[in-house]
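Asks: Provided herewith: work.txt, compact mmCIF, C-alpha atoms and all ligand atoms.
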```
# COMPACT_ATOMS: atom_id res chain seq x y z
CA MET Q 203 -5.37 5.43 23.19
CA THR Q 204 -4.41 4.82 19.57
CA THR Q 205 -2.19 1.84 18.91
CA ASP Q 206 0.16 1.61 15.97
CA THR Q 207 -0.52 -1.24 13.56
CA ILE Q 208 2.96 -0.77 12.16
CA ARG Q 209 5.91 0.85 13.85
CA LEU Q 210 9.33 1.68 12.41
CA HIS Q 211 12.11 2.47 14.84
CA ALA Q 212 15.36 4.01 13.59
CA VAL Q 213 15.04 2.18 10.27
CA SER Q 214 17.92 2.55 7.83
CA ARG Q 215 18.27 0.82 4.47
CA ARG Q 216 21.51 1.02 2.56
CA TYR Q 217 22.09 -0.45 -0.90
CA ARG Q 218 25.56 -1.38 -2.09
CA THR Q 219 26.25 -1.24 -5.81
CA GLY Q 220 29.91 -1.94 -6.53
CA ASP Q 221 31.93 0.44 -4.37
CA GLU Q 222 29.07 2.84 -3.87
CA VAL Q 223 26.67 2.76 -0.92
CA VAL Q 224 23.31 4.51 -1.25
CA THR Q 225 21.42 5.31 1.94
CA ALA Q 226 17.79 5.05 0.86
CA LEU Q 227 16.41 5.36 4.41
CA ASP Q 228 18.31 7.05 7.18
CA GLY Q 229 17.07 6.45 10.73
CA VAL Q 230 13.33 6.71 10.15
CA SER Q 231 11.06 6.34 13.19
CA LEU Q 232 7.36 6.40 12.42
CA GLY Q 233 4.13 4.77 13.51
CA PHE Q 234 0.98 4.07 11.52
CA PRO Q 235 -1.93 4.20 13.98
CA ARG Q 236 -4.65 1.60 13.58
CA GLY Q 237 -7.60 2.84 11.56
CA THR Q 238 -5.83 5.79 9.95
CA PHE Q 239 -4.85 6.76 6.41
CA THR Q 240 -1.29 8.04 5.87
CA ALA Q 241 0.13 9.42 2.62
CA VAL Q 242 3.90 9.35 2.04
CA MET Q 243 5.34 12.08 -0.19
CA GLY Q 244 8.74 13.41 -1.17
CA PRO Q 245 10.94 14.13 -4.19
CA SER Q 246 11.90 11.29 -6.51
CA GLY Q 247 14.60 9.14 -4.92
CA SER Q 248 13.75 10.30 -1.37
CA GLY Q 249 13.09 6.74 -0.17
CA LYS Q 250 9.29 6.47 -0.37
CA SER Q 251 9.18 3.05 -2.04
CA THR Q 252 11.92 1.75 0.24
CA LEU Q 253 9.92 2.93 3.27
CA LEU Q 254 6.84 1.11 1.99
CA GLN Q 255 8.80 -2.07 1.23
CA CYS Q 256 10.41 -2.12 4.69
CA ALA Q 257 7.13 -1.33 6.49
CA ALA Q 258 5.36 -4.09 4.55
CA GLY Q 259 8.04 -6.72 5.18
CA LEU Q 260 8.93 -6.93 1.47
CA ASP Q 261 12.44 -5.72 2.20
CA ARG Q 262 14.58 -6.02 5.32
CA PRO Q 263 16.15 -2.87 6.82
CA THR Q 264 19.94 -2.72 7.21
CA SER Q 265 19.36 -1.58 10.81
CA GLY Q 266 16.48 -0.59 13.05
CA SER Q 267 13.25 -2.43 13.71
CA VAL Q 268 9.82 -2.83 12.15
CA THR Q 269 6.89 -4.26 14.11
CA VAL Q 270 3.54 -5.28 12.63
CA GLY Q 271 0.82 -5.68 15.27
CA GLY Q 272 3.57 -6.03 17.88
CA THR Q 273 5.51 -8.70 15.96
CA GLU Q 274 9.13 -7.77 15.31
CA LEU Q 275 9.85 -8.63 11.67
CA ALA Q 276 13.62 -8.98 12.02
CA GLY Q 277 13.14 -12.11 14.12
CA LEU Q 278 11.02 -13.88 11.50
CA SER Q 279 12.29 -16.41 8.99
CA ASP Q 280 11.53 -15.66 5.33
CA ARG Q 281 8.72 -18.20 5.48
CA ARG Q 282 7.09 -16.66 8.58
CA LEU Q 283 7.47 -13.22 7.05
CA THR Q 284 5.71 -14.40 3.88
CA LEU Q 285 2.86 -15.82 5.96
CA LEU Q 286 2.52 -12.60 7.96
CA ARG Q 287 2.38 -10.56 4.75
CA ARG Q 288 -0.14 -12.91 3.22
CA ASP Q 289 -2.48 -12.87 6.21
CA ARG Q 290 -2.24 -9.32 7.46
CA ILE Q 291 -1.16 -7.05 4.63
CA GLY Q 292 -2.76 -6.10 1.31
CA PHE Q 293 -1.08 -4.32 -1.60
CA VAL Q 294 -2.14 -2.21 -4.54
CA PHE Q 295 0.36 -1.02 -7.11
CA GLN Q 296 0.37 1.62 -9.81
CA ALA Q 297 0.38 -1.02 -12.55
CA PHE Q 298 -2.54 -3.05 -11.03
CA ASN Q 299 -0.55 -6.31 -11.45
CA LEU Q 300 -3.56 -8.45 -12.39
CA LEU Q 301 -3.00 -11.73 -14.22
CA PRO Q 302 -4.26 -11.11 -17.78
CA SER Q 303 -5.48 -14.64 -18.44
CA LEU Q 304 -7.68 -14.76 -15.34
CA THR Q 305 -11.14 -13.23 -14.95
CA ALA Q 306 -11.79 -10.55 -12.33
CA GLU Q 307 -13.20 -13.11 -9.89
CA GLN Q 308 -10.27 -15.48 -10.46
CA ASN Q 309 -7.82 -12.63 -9.82
CA VAL Q 310 -9.65 -11.70 -6.62
CA ALA Q 311 -9.66 -15.33 -5.43
CA LEU Q 312 -5.94 -15.77 -6.09
CA PRO Q 313 -4.55 -14.78 -2.65
CA LEU Q 314 -6.81 -17.34 -0.98
CA ARG Q 315 -5.85 -20.03 -3.51
CA LEU Q 316 -2.17 -19.27 -2.97
CA ALA Q 317 -2.80 -19.70 0.77
CA GLY Q 318 -4.18 -23.17 0.02
CA ARG Q 319 -7.73 -22.14 0.87
CA ARG Q 320 -10.76 -22.76 -1.29
CA PRO Q 321 -12.33 -19.35 -1.86
CA SER Q 322 -16.10 -19.33 -1.47
CA HIS Q 323 -17.99 -17.92 -4.40
CA ALA Q 324 -19.97 -15.66 -2.02
CA ARG Q 325 -16.81 -14.20 -0.51
CA VAL Q 326 -15.32 -13.36 -3.92
CA ARG Q 327 -18.60 -11.83 -5.11
CA GLU Q 328 -18.85 -9.82 -1.90
CA ALA Q 329 -15.34 -8.42 -2.45
CA LEU Q 330 -16.20 -7.46 -6.04
CA ASP Q 331 -19.49 -5.97 -4.91
CA ARG Q 332 -17.58 -3.94 -2.31
CA VAL Q 333 -15.71 -2.18 -5.14
CA GLY Q 334 -18.82 -1.85 -7.34
CA LEU Q 335 -17.86 -4.54 -9.85
CA ALA Q 336 -20.21 -7.43 -9.12
CA ASP Q 337 -21.37 -7.26 -12.75
CA ARG Q 338 -17.83 -7.57 -14.14
CA ALA Q 339 -16.84 -10.82 -12.39
CA ARG Q 340 -16.32 -12.77 -15.62
CA HIS Q 341 -14.38 -10.06 -17.44
CA ARG Q 342 -10.65 -10.33 -18.04
CA PRO Q 343 -8.41 -7.31 -17.25
CA ALA Q 344 -8.16 -6.31 -20.94
CA GLU Q 345 -11.94 -5.97 -20.99
CA LEU Q 346 -11.92 -3.51 -18.08
CA SER Q 347 -10.98 0.17 -17.83
CA GLY Q 348 -7.91 1.19 -15.82
CA GLY Q 349 -10.09 2.34 -12.95
CA GLN Q 350 -12.01 -0.94 -12.97
CA GLN Q 351 -8.76 -2.93 -13.04
CA GLN Q 352 -7.51 -1.03 -10.01
CA ARG Q 353 -10.78 -1.73 -8.22
CA VAL Q 354 -10.33 -5.45 -8.96
CA ALA Q 355 -6.83 -5.12 -7.48
CA LEU Q 356 -8.40 -3.52 -4.39
CA ALA Q 357 -10.90 -6.37 -4.08
CA ARG Q 358 -7.96 -8.80 -4.38
CA ALA Q 359 -6.12 -6.90 -1.62
CA LEU Q 360 -9.21 -7.06 0.63
CA ILE Q 361 -10.11 -10.72 0.15
CA THR Q 362 -7.81 -11.83 3.00
CA ARG Q 363 -9.28 -9.08 5.26
CA PRO Q 364 -5.88 -7.50 5.96
CA GLU Q 365 -5.27 -5.08 8.83
CA VAL Q 366 -3.10 -2.87 6.64
CA VAL Q 367 -3.33 -1.95 2.97
CA PHE Q 368 -0.29 -0.44 1.25
CA GLY Q 369 -0.60 1.48 -2.00
CA ASP Q 370 2.39 2.43 -4.15
CA GLU Q 371 1.03 5.21 -6.38
CA PRO Q 372 -2.34 3.41 -6.67
CA THR Q 373 -3.86 6.29 -8.63
CA GLY Q 374 -0.73 7.09 -10.66
CA ALA Q 375 -1.98 5.44 -13.87
CA LEU Q 376 -5.59 6.64 -13.62
CA ASP Q 377 -7.46 9.71 -14.82
CA SER Q 378 -8.69 11.96 -12.04
CA ARG Q 379 -12.23 10.57 -11.91
CA ALA Q 380 -11.12 6.92 -11.70
CA GLY Q 381 -8.41 7.97 -9.23
CA LEU Q 382 -10.97 9.63 -6.95
CA GLU Q 383 -13.09 6.48 -7.01
CA VAL Q 384 -10.12 4.41 -5.83
CA LEU Q 385 -9.31 6.99 -3.15
CA ARG Q 386 -12.90 6.93 -1.93
CA LEU Q 387 -12.66 3.14 -1.57
CA LEU Q 388 -9.38 3.43 0.34
CA ARG Q 389 -10.98 6.07 2.60
CA ASP Q 390 -13.99 3.78 3.23
CA MET Q 391 -11.67 0.91 4.21
CA VAL Q 392 -10.39 3.16 7.00
CA ASP Q 393 -13.65 4.82 8.04
CA GLN Q 394 -16.01 1.88 7.75
CA GLU Q 395 -13.77 -1.12 8.31
CA GLY Q 396 -11.10 0.30 10.62
CA ARG Q 397 -8.22 -0.76 8.37
CA THR Q 398 -4.91 1.07 8.24
CA VAL Q 399 -3.93 2.49 4.85
CA VAL Q 400 -0.46 3.73 3.85
CA MET Q 401 -0.10 5.20 0.37
CA VAL Q 402 2.86 6.62 -1.54
CA THR Q 403 1.74 9.32 -3.94
CA HIS Q 404 3.04 12.26 -5.97
CA ASP Q 405 -0.42 13.77 -6.19
CA PRO Q 406 -1.41 16.41 -3.58
CA VAL Q 407 -5.11 15.79 -4.34
CA ALA Q 408 -4.70 12.08 -3.58
CA ALA Q 409 -2.68 12.91 -0.44
CA SER Q 410 -5.43 15.25 0.77
CA CYS Q 411 -7.71 12.21 1.17
CA ALA Q 412 -5.39 10.91 3.91
CA ASP Q 413 -5.54 11.86 7.59
CA ARG Q 414 -1.94 12.97 7.48
CA VAL Q 415 0.93 13.31 5.03
CA VAL Q 416 4.51 12.47 5.99
CA PHE Q 417 7.35 13.94 3.93
CA LEU Q 418 10.68 12.32 3.14
CA VAL Q 419 13.84 13.97 1.81
CA ASP Q 420 17.08 12.05 1.30
CA GLY Q 421 15.77 9.10 3.29
CA ARG Q 422 14.81 11.18 6.31
CA LEU Q 423 11.46 12.32 7.64
CA THR Q 424 11.25 16.07 7.33
CA GLY Q 425 7.80 16.70 8.71
CA GLU Q 426 4.14 15.97 8.45
CA LEU Q 427 0.83 17.72 7.79
CA GLY Q 428 -2.48 16.61 9.30
CA GLY Q 429 -5.84 17.25 7.67
CA ALA Q 430 -4.33 19.53 5.02
CA ASP Q 431 -5.99 20.41 1.72
CA ALA Q 432 -4.32 19.79 -1.66
CA GLY Q 433 -3.12 23.40 -1.94
CA ARG Q 434 -1.23 23.30 1.35
CA ILE Q 435 0.26 19.90 0.55
CA ALA Q 436 1.38 21.08 -2.92
CA ALA Q 437 2.99 24.20 -1.41
CA HIS Q 438 4.87 22.11 1.17
CA LEU Q 439 6.07 19.68 -1.49
CA THR Q 440 7.19 22.47 -3.81
CA GLY Q 441 9.22 23.92 -0.93
CA LEU Q 442 10.95 20.57 -0.36
CA GLU Q 443 11.69 20.07 -4.06
CA ALA Q 444 13.04 23.62 -4.41
CA ALA Q 445 15.32 23.05 -1.40
CA ALA Q 446 16.60 19.81 -2.98
CA CYS Q 447 17.77 21.58 -6.18
P1 LIG K 1 11.40 7.00 -4.19
O1 LIG K 1 10.40 5.93 -4.05
O2 LIG K 1 11.19 8.15 -3.24
O3 LIG K 1 11.59 7.49 -5.60
P2 LIG K 1 13.33 4.87 -3.63
O4 LIG K 1 12.94 4.32 -2.30
O5 LIG K 1 12.90 4.11 -4.84
O6 LIG K 1 12.83 6.40 -3.73
O7 LIG K 1 14.91 5.04 -3.72
C1 LIG K 1 15.67 5.74 -2.73
C2 LIG K 1 17.14 5.68 -3.12
O8 LIG K 1 17.61 4.35 -3.03
C3 LIG K 1 17.41 6.15 -4.55
O9 LIG K 1 18.65 6.83 -4.56
C4 LIG K 1 17.51 4.86 -5.31
O10 LIG K 1 18.33 5.00 -6.44
C5 LIG K 1 18.11 3.91 -4.29
N1 LIG K 1 17.69 2.52 -4.48
C6 LIG K 1 16.42 2.04 -4.37
N2 LIG K 1 16.40 0.71 -4.59
C7 LIG K 1 17.67 0.33 -4.86
C8 LIG K 1 18.32 -0.92 -5.17
N3 LIG K 1 17.63 -2.06 -5.23
N4 LIG K 1 19.66 -0.91 -5.40
C9 LIG K 1 20.38 0.24 -5.31
N5 LIG K 1 19.84 1.44 -5.02
C10 LIG K 1 18.52 1.50 -4.79
```
As a first step, turn the structure in this file into structure tokens.

Replies:
Amino acid sequence: MTTDTIRLHAVSRRYRTGDEVVTALDGVSLGFPRGTFTAVMGPSGSGKSTLLQCAAGLDRPTSGSVTVGGTELAGLSDRRLTLLRRDRIGFVFQAFNLLPSLTAEQNVALPLRLAGRRPSHARVREALDRVGLADRARHRPAELSGGQQQRVALARALITRPEVVFGDEPTGALDSRAGLEVLRLLRDMVDQEGRTVVMVTHDPVAASCADRVVFLVDGRLTGELGGADAGRIAAHLTGLEAAAC
């Protein structure tokens, strides 16, 4: 039986700006099974980032529940939530978010330092080796290509050995070759290490690397495709965007 690493049940997130209320997520129920790769797609403004933020414990839903490994997030204090995120969840973002003044190995070691742990040199080197950058350990981000910077960000996400890795458009700023390299590493995390990966993307080619694609429109799940190629995913997405016009 597959177990869900993360489960959302009837999750809604509303934002209030002045008199206006925007419903970014509207009763979403969804599980991310352990050891699988899910892509999240949908038109701009459909709630993809909000879904990721709620599933990762970066934002709290207005109603509904989110569980990570069976732990209900709503019951956690901010401090406990921060600890859970730090120990069990890794992130990669479109903009890499590396600290420019630190070398690659210092960036990778940062999550352990922030957790008050002394990172072993071997562990940091192993993480950089894992993403093919053992020979770039002393380079600063400005001395690395975009693809290499994103691989450093992946090594940083992996250093705490998280169960789940979230990516918010992790290939969005990369050319297709560097993007495919990052996708291959995400795929390996699932296939070889049994991690769970959840990735927001606009790119049907990137989404085709996932086991399944879930589609959002106006904050609601509108369907999913399993094992689809990029052509089928693009056709589905075009249909959703045409319907939204
Ligand atoms: P996507 O990632 O699919 O582009 P988002 O999750 O960013 O969509 O946004 C969904 C909706 O919620 C949009 O209408 C957006 O304007 C709104 N929204 C997102 N974040 C906020 C916020 N902090 N305050 C007010 N509205 C927000």

Asks: Please write out the residues within 9 Å of ligand LIG 1 (chain K) as a count of residues only, counting all atoms listed in the file.

Replies: 29

Asks: Could you check which of Q:Arg353, Q:Arg340, Q:Arg209, Q:Arg281 is closest to Gln296 of chain Q, using all atoms listed in the file?

Replies: Q:Arg353

Asks: Excluding same-chain residues fewer than 4 positions from His211 of chain Q, what lies within 6 Å of it counting all atoms listed in the file, as a list in words?

Replies: Ser231, Gly266 and Ser267 of chain Q

Asks: In Å, with one decimal, what is the gap from atom CA of Gly429 of chain Q to atom CA of Ala412 of chain Q?

Replies: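 Atom-to-atom, atom CA of Gly429 of chain Q to atom CA of Ala412 of chain Q, that is 7.4 Å.
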
Asks: Env of segment 303-315 of chain Q: 12 Å cut, atoms = all atoms listed in the file, seq-sep filter 5 positions within chain, self excluded. Answer as a PyMOL selection string.

Replies: chain Q and resi 285+287-293+298+320-333+335-346+350-364

Asks: Would you put the residues from that selection into a file with C-alpha atoms, as a PDB file, keeping the file's coordinate frame?

Replies:
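As a result, again16.pdb now contains:
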```
ATOM      1  CA  LEU Q 285       2.860 -15.820   5.960  1.00  0.00           C
ATOM      2  CA  ARG Q 287       2.380 -10.560   4.750  1.00  0.00           C
ATOM      3  CA  ARG Q 288      -0.140 -12.910   3.220  1.00  0.00           C
ATOM      4  CA  ASP Q 289      -2.480 -12.870   6.210  1.00  0.00           C
ATOM      5  CA  ARG Q 290      -2.240  -9.320   7.460  1.00  0.00           C
ATOM      6  CA  ILE Q 291      -1.160  -7.050   4.630  1.00  0.00           C
ATOM      7  CA  GLY Q 292      -2.760  -6.100   1.310  1.00  0.00           C
ATOM      8  CA  PHE Q 293      -1.080  -4.320  -1.600  1.00  0.00           C
ATOM      9  CA  PHE Q 298      -2.540  -3.050 -11.030  1.00  0.00           C
ATOM     10  CA  ARG Q 320     -10.760 -22.760  -1.290  1.00  0.00           C
ATOM     11  CA  PRO Q 321     -12.330 -19.350  -1.860  1.00  0.00           C
ATOM     12  CA  SER Q 322     -16.100 -19.330  -1.470  1.00  0.00           C
ATOM     13  CA  HIS Q 323     -17.990 -17.920  -4.400  1.00  0.00           C
ATOM     14  CA  ALA Q 324     -19.970 -15.660  -2.020  1.00  0.00           C
ATOM     15  CA  ARG Q 325     -16.810 -14.200  -0.510  1.00  0.00           C
ATOM     16  CA  VAL Q 326     -15.320 -13.360  -3.920  1.00  0.00           C
ATOM     17  CA  ARG Q 327     -18.600 -11.830  -5.110  1.00  0.00           C
ATOM     18  CA  GLU Q 328     -18.850  -9.820  -1.900  1.00  0.00           C
ATOM     19  CA  ALA Q 329     -15.340  -8.420  -2.450  1.00  0.00           C
ATOM     20  CA  LEU Q 330     -16.200  -7.460  -6.040  1.00  0.00           C
ATOM     21  CA  ASP Q 331     -19.490  -5.970  -4.910  1.00  0.00           C
ATOM     22  CA  ARG Q 332     -17.580  -3.940  -2.310  1.00  0.00           C
ATOM     23  CA  VAL Q 333     -15.710  -2.180  -5.140  1.00  0.00           C
ATOM     24  CA  LEU Q 335     -17.860  -4.540  -9.850  1.00  0.00           C
ATOM     25  CA  ALA Q 336     -20.210  -7.430  -9.120  1.00  0.00           C
ATOM     26  CA  ASP Q 337     -21.370  -7.260 -12.750  1.00  0.00           C
ATOM     27  CA  ARG Q 338     -17.830  -7.570 -14.140  1.00  0.00           C
ATOM     28  CA  ALA Q 339     -16.840 -10.820 -12.390  1.00  0.00           C
ATOM     29  CA  ARG Q 340     -16.320 -12.770 -15.620  1.00  0.00           C
ATOM     30  CA  HIS Q 341     -14.380 -10.060 -17.440  1.00  0.00           C
ATOM     31  CA  ARG Q 342     -10.650 -10.330 -18.040  1.00  0.00           C
ATOM     32  CA  PRO Q 343      -8.410  -7.310 -17.250  1.00  0.00           C
ATOM     33  CA  ALA Q 344      -8.160  -6.310 -20.940  1.00  0.00           C
ATOM     34  CA  GLU Q 345     -11.940  -5.970 -20.990  1.00  0.00           C
ATOM     35  CA  LEU Q 346     -11.920  -3.510 -18.080  1.00  0.00           C
ATOM     36  CA  GLN Q 350     -12.010  -0.940 -12.970  1.00  0.00           C
ATOM     37  CA  GLN Q 351      -8.760  -2.930 -13.040  1.00  0.00           C
ATOM     38  CA  GLN Q 352      -7.510  -1.030 -10.010  1.00  0.00           C
ATOM     39  CA  ARG Q 353     -10.780  -1.730  -8.220  1.00  0.00           C
ATOM     40  CA  VAL Q 354     -10.330  -5.450  -8.960  1.00  0.00           C
ATOM     41  CA  ALA Q 355      -6.830  -5.120  -7.480  1.00  0.00           C
ATOM     42  CA  LEU Q 356      -8.400  -3.520  -4.390  1.00  0.00           C
ATOM     43  CA  ALA Q 357     -10.900  -6.370  -4.080  1.00  0.00           C
ATOM     44  CA  ARG Q 358      -7.960  -8.800  -4.380  1.00  0.00           C
ATOM     45  CA  ALA Q 359      -6.120  -6.900  -1.620  1.00  0.00           C
ATOM     46  CA  LEU Q 360      -9.210  -7.060   0.630  1.00  0.00           C
ATOM     47  CA  ILE Q 361     -10.110 -10.720   0.150  1.00  0.00           C
ATOM     48  CA  THR Q 362      -7.810 -11.830   3.000  1.00  0.00           C
ATOM     49  CA  ARG Q 363      -9.280  -9.080   5.260  1.00  0.00           C
ATOM     50  CA  PRO Q 364      -5.880  -7.500   5.960  1.00  0.00           C
TER      51      PRO Q 364
END
```

Asks: Nearest to Leu275 of chain Q: which of Q:Val392, Q:Ile208, Q:Ala380, Q:Ala317 is it, counting all atoms listed in the file?

Replies: Q:Ile208

Asks: So how far away is atom CA of Thr284 of chain Q from atom CA of Val270 of chain Q, in Å?

Replies: 12.8 Å

Asks: Of the residues Q:Gly369, Q:Gly349, Q:Gly428, Q:Pro302, which is the one nearest to Asp413 of chain Q, using all atoms listed in the file?

Replies: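 Of all the options, Q:Gly428 lies closest to Asp413 of chain Q.
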
Asks: Between Q:Leu301, Q:Cys411, Q:Ala375, Q:Ala444, which is the closest to Asp390 of chain Q once you count all atoms listed in the file?

Replies: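 That would be Q:Cys411, the residue with the smallest distance to Asp390 of chain Q.
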
Asks: Rank Q:Leu286, Q:Val367, Q:Leu427, Q:Val213 by their smallest atom-to-atom distance to Leu439 of chain Q, using only C-alpha atoms, and report the top residue only.

Replies: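 Between Q:Leu286, Q:Val367, Q:Leu427, Q:Val213, the residue approaching Leu439 of chain Q most closely is Q:Leu427.
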
Asks: Between atom CA of Phe295 of chain Q and atom CA of Pro372 of chain Q, what is the distance in Å, rounded to a tenth?

Replies: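 If I compute the distance from atom CA of Phe295 of chain Q to atom CA of Pro372 of chain Q, I get 5.2 Å.
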
Asks: Closest to Phe417 of chain Q among Q:Gly396, Q:Gly433, Q:Gly441, Q:Gly271, using all atoms listed in the file?

Replies: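 For Phe417 of chain Q, the nearest of the given residues is Q:Gly441.
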
Asks: For the point (0.2, 12.6, 5.6) in file coordinates, what residues are within 12 Å, counting all atoms listed in the file? Give the answer as a count of residues only?

Replies: 44

Asks: Regenerate segment 403-421 of chain Q at the level of N, CA, C and O atoms and dump it as a JSON list (two decimals), in the frame of the given file.

Replies:
```json
[["chain", "number", "residue", "atom", "x", "y", "z"],
["Q", 403, "THR", "N", 2.32, 8.61, -2.80],
["Q", 403, "THR", "CA", 1.74, 9.32, -3.94],
["Q", 403, "THR", "C", 2.55, 10.58, -4.27],
["Q", 403, "THR", "O", 3.20, 11.15, -3.41],
["Q", 404, "HIS", "N", 2.48, 10.98, -5.55],
["Q", 404, "HIS", "CA", 3.04, 12.26, -5.97],
["Q", 404, "HIS", "C", 1.97, 13.34, -6.00],
["Q", 404, "HIS", "O", 2.25, 14.51, -6.20],
["Q", 405, "ASP", "N", 0.71, 12.90, -5.88],
["Q", 405, "ASP", "CA", -0.42, 13.77, -6.19],
["Q", 405, "ASP", "C", -0.99, 14.42, -4.92],
["Q", 405, "ASP", "O", -1.56, 13.72, -4.07],
["Q", 406, "PRO", "N", -0.89, 15.74, -4.78],
["Q", 406, "PRO", "CA", -1.41, 16.41, -3.58],
["Q", 406, "PRO", "C", -2.91, 16.19, -3.38],
["Q", 406, "PRO", "O", -3.38, 16.14, -2.24],
["Q", 407, "VAL", "N", -3.67, 16.03, -4.49],
["Q", 407, "VAL", "CA", -5.11, 15.79, -4.34],
["Q", 407, "VAL", "C", -5.33, 14.42, -3.70],
["Q", 407, "VAL", "O", -6.13, 14.27, -2.77],
["Q", 408, "ALA", "N", -4.60, 13.42, -4.17],
["Q", 408, "ALA", "CA", -4.70, 12.08, -3.58],
["Q", 408, "ALA", "C", -4.29, 12.14, -2.11],
["Q", 408, "ALA", "O", -4.97, 11.59, -1.23],
["Q", 409, "ALA", "N", -3.19, 12.83, -1.83],
["Q", 409, "ALA", "CA", -2.68, 12.91, -0.44],
["Q", 409, "ALA", "C", -3.68, 13.60, 0.48],
["Q", 409, "ALA", "O", -3.74, 13.28, 1.67],
["Q", 410, "SER", "N", -4.48, 14.52, -0.07],
["Q", 410, "SER", "CA", -5.43, 15.25, 0.77],
["Q", 410, "SER", "C", -6.57, 14.36, 1.25],
["Q", 410, "SER", "O", -7.32, 14.75, 2.14],
["Q", 411, "CYS", "N", -6.70, 13.15, 0.68],
["Q", 411, "CYS", "CA", -7.71, 12.21, 1.17],
["Q", 411, "CYS", "C", -7.24, 11.48, 2.43],
["Q", 411, "CYS", "O", -8.03, 10.81, 3.10],
["Q", 412, "ALA", "N", -5.95, 11.60, 2.74],
["Q", 412, "ALA", "CA", -5.39, 10.91, 3.91],
["Q", 412, "ALA", "C", -5.61, 11.76, 5.17],
["Q", 412, "ALA", "O", -5.91, 12.95, 5.09],
["Q", 413, "ASP", "N", -5.45, 11.12, 6.33],
["Q", 413, "ASP", "CA", -5.54, 11.86, 7.59],
["Q", 413, "ASP", "C", -4.31, 12.72, 7.82],
["Q", 413, "ASP", "O", -4.36, 13.75, 8.45],
["Q", 414, "ARG", "N", -3.17, 12.20, 7.34],
["Q", 414, "ARG", "CA", -1.94, 12.97, 7.48],
["Q", 414, "ARG", "C", -1.00, 12.62, 6.33],
["Q", 414, "ARG", "O", -1.11, 11.55, 5.71],
["Q", 415, "VAL", "N", -0.07, 13.53, 6.07],
["Q", 415, "VAL", "CA", 0.93, 13.31, 5.03],
["Q", 415, "VAL", "C", 2.29, 13.40, 5.70],
["Q", 415, "VAL", "O", 2.56, 14.36, 6.43],
["Q", 416, "VAL", "N", 3.14, 12.38, 5.48],
["Q", 416, "VAL", "CA", 4.51, 12.47, 5.99],
["Q", 416, "VAL", "C", 5.44, 12.70, 4.80],
["Q", 416, "VAL", "O", 5.20, 12.18, 3.70],
["Q", 417, "PHE", "N", 6.46, 13.54, 5.02],
["Q", 417, "PHE", "CA", 7.35, 13.94, 3.93],
["Q", 417, "PHE", "C", 8.75, 13.38, 4.16],
["Q", 417, "PHE", "O", 9.27, 13.46, 5.28],
["Q", 418, "LEU", "N", 9.31, 12.86, 3.09],
["Q", 418, "LEU", "CA", 10.68, 12.32, 3.14],
["Q", 418, "LEU", "C", 11.58, 13.14, 2.22],
["Q", 418, "LEU", "O", 11.17, 13.53, 1.13],
["Q", 419, "VAL", "N", 12.80, 13.38, 2.68],
["Q", 419, "VAL", "CA", 13.84, 13.97, 1.81],
["Q", 419, "VAL", "C", 15.14, 13.25, 2.13],
["Q", 419, "VAL", "O", 15.51, 13.12, 3.31],
["Q", 420, "ASP", "N", 15.81, 12.75, 1.11],
["Q", 420, "ASP", "CA", 17.08, 12.05, 1.30],
["Q", 420, "ASP", "C", 17.01, 10.97, 2.37],
["Q", 420, "ASP", "O", 17.91, 10.82, 3.20],
["Q", 421, "GLY", "N", 15.90, 10.23, 2.37],
["Q", 421, "GLY", "CA", 15.77, 9.10, 3.29],
["Q", 421, "GLY", "C", 15.42, 9.48, 4.72],
["Q", 421, "GLY", "O", 15.39, 8.61, 5.59]]
```
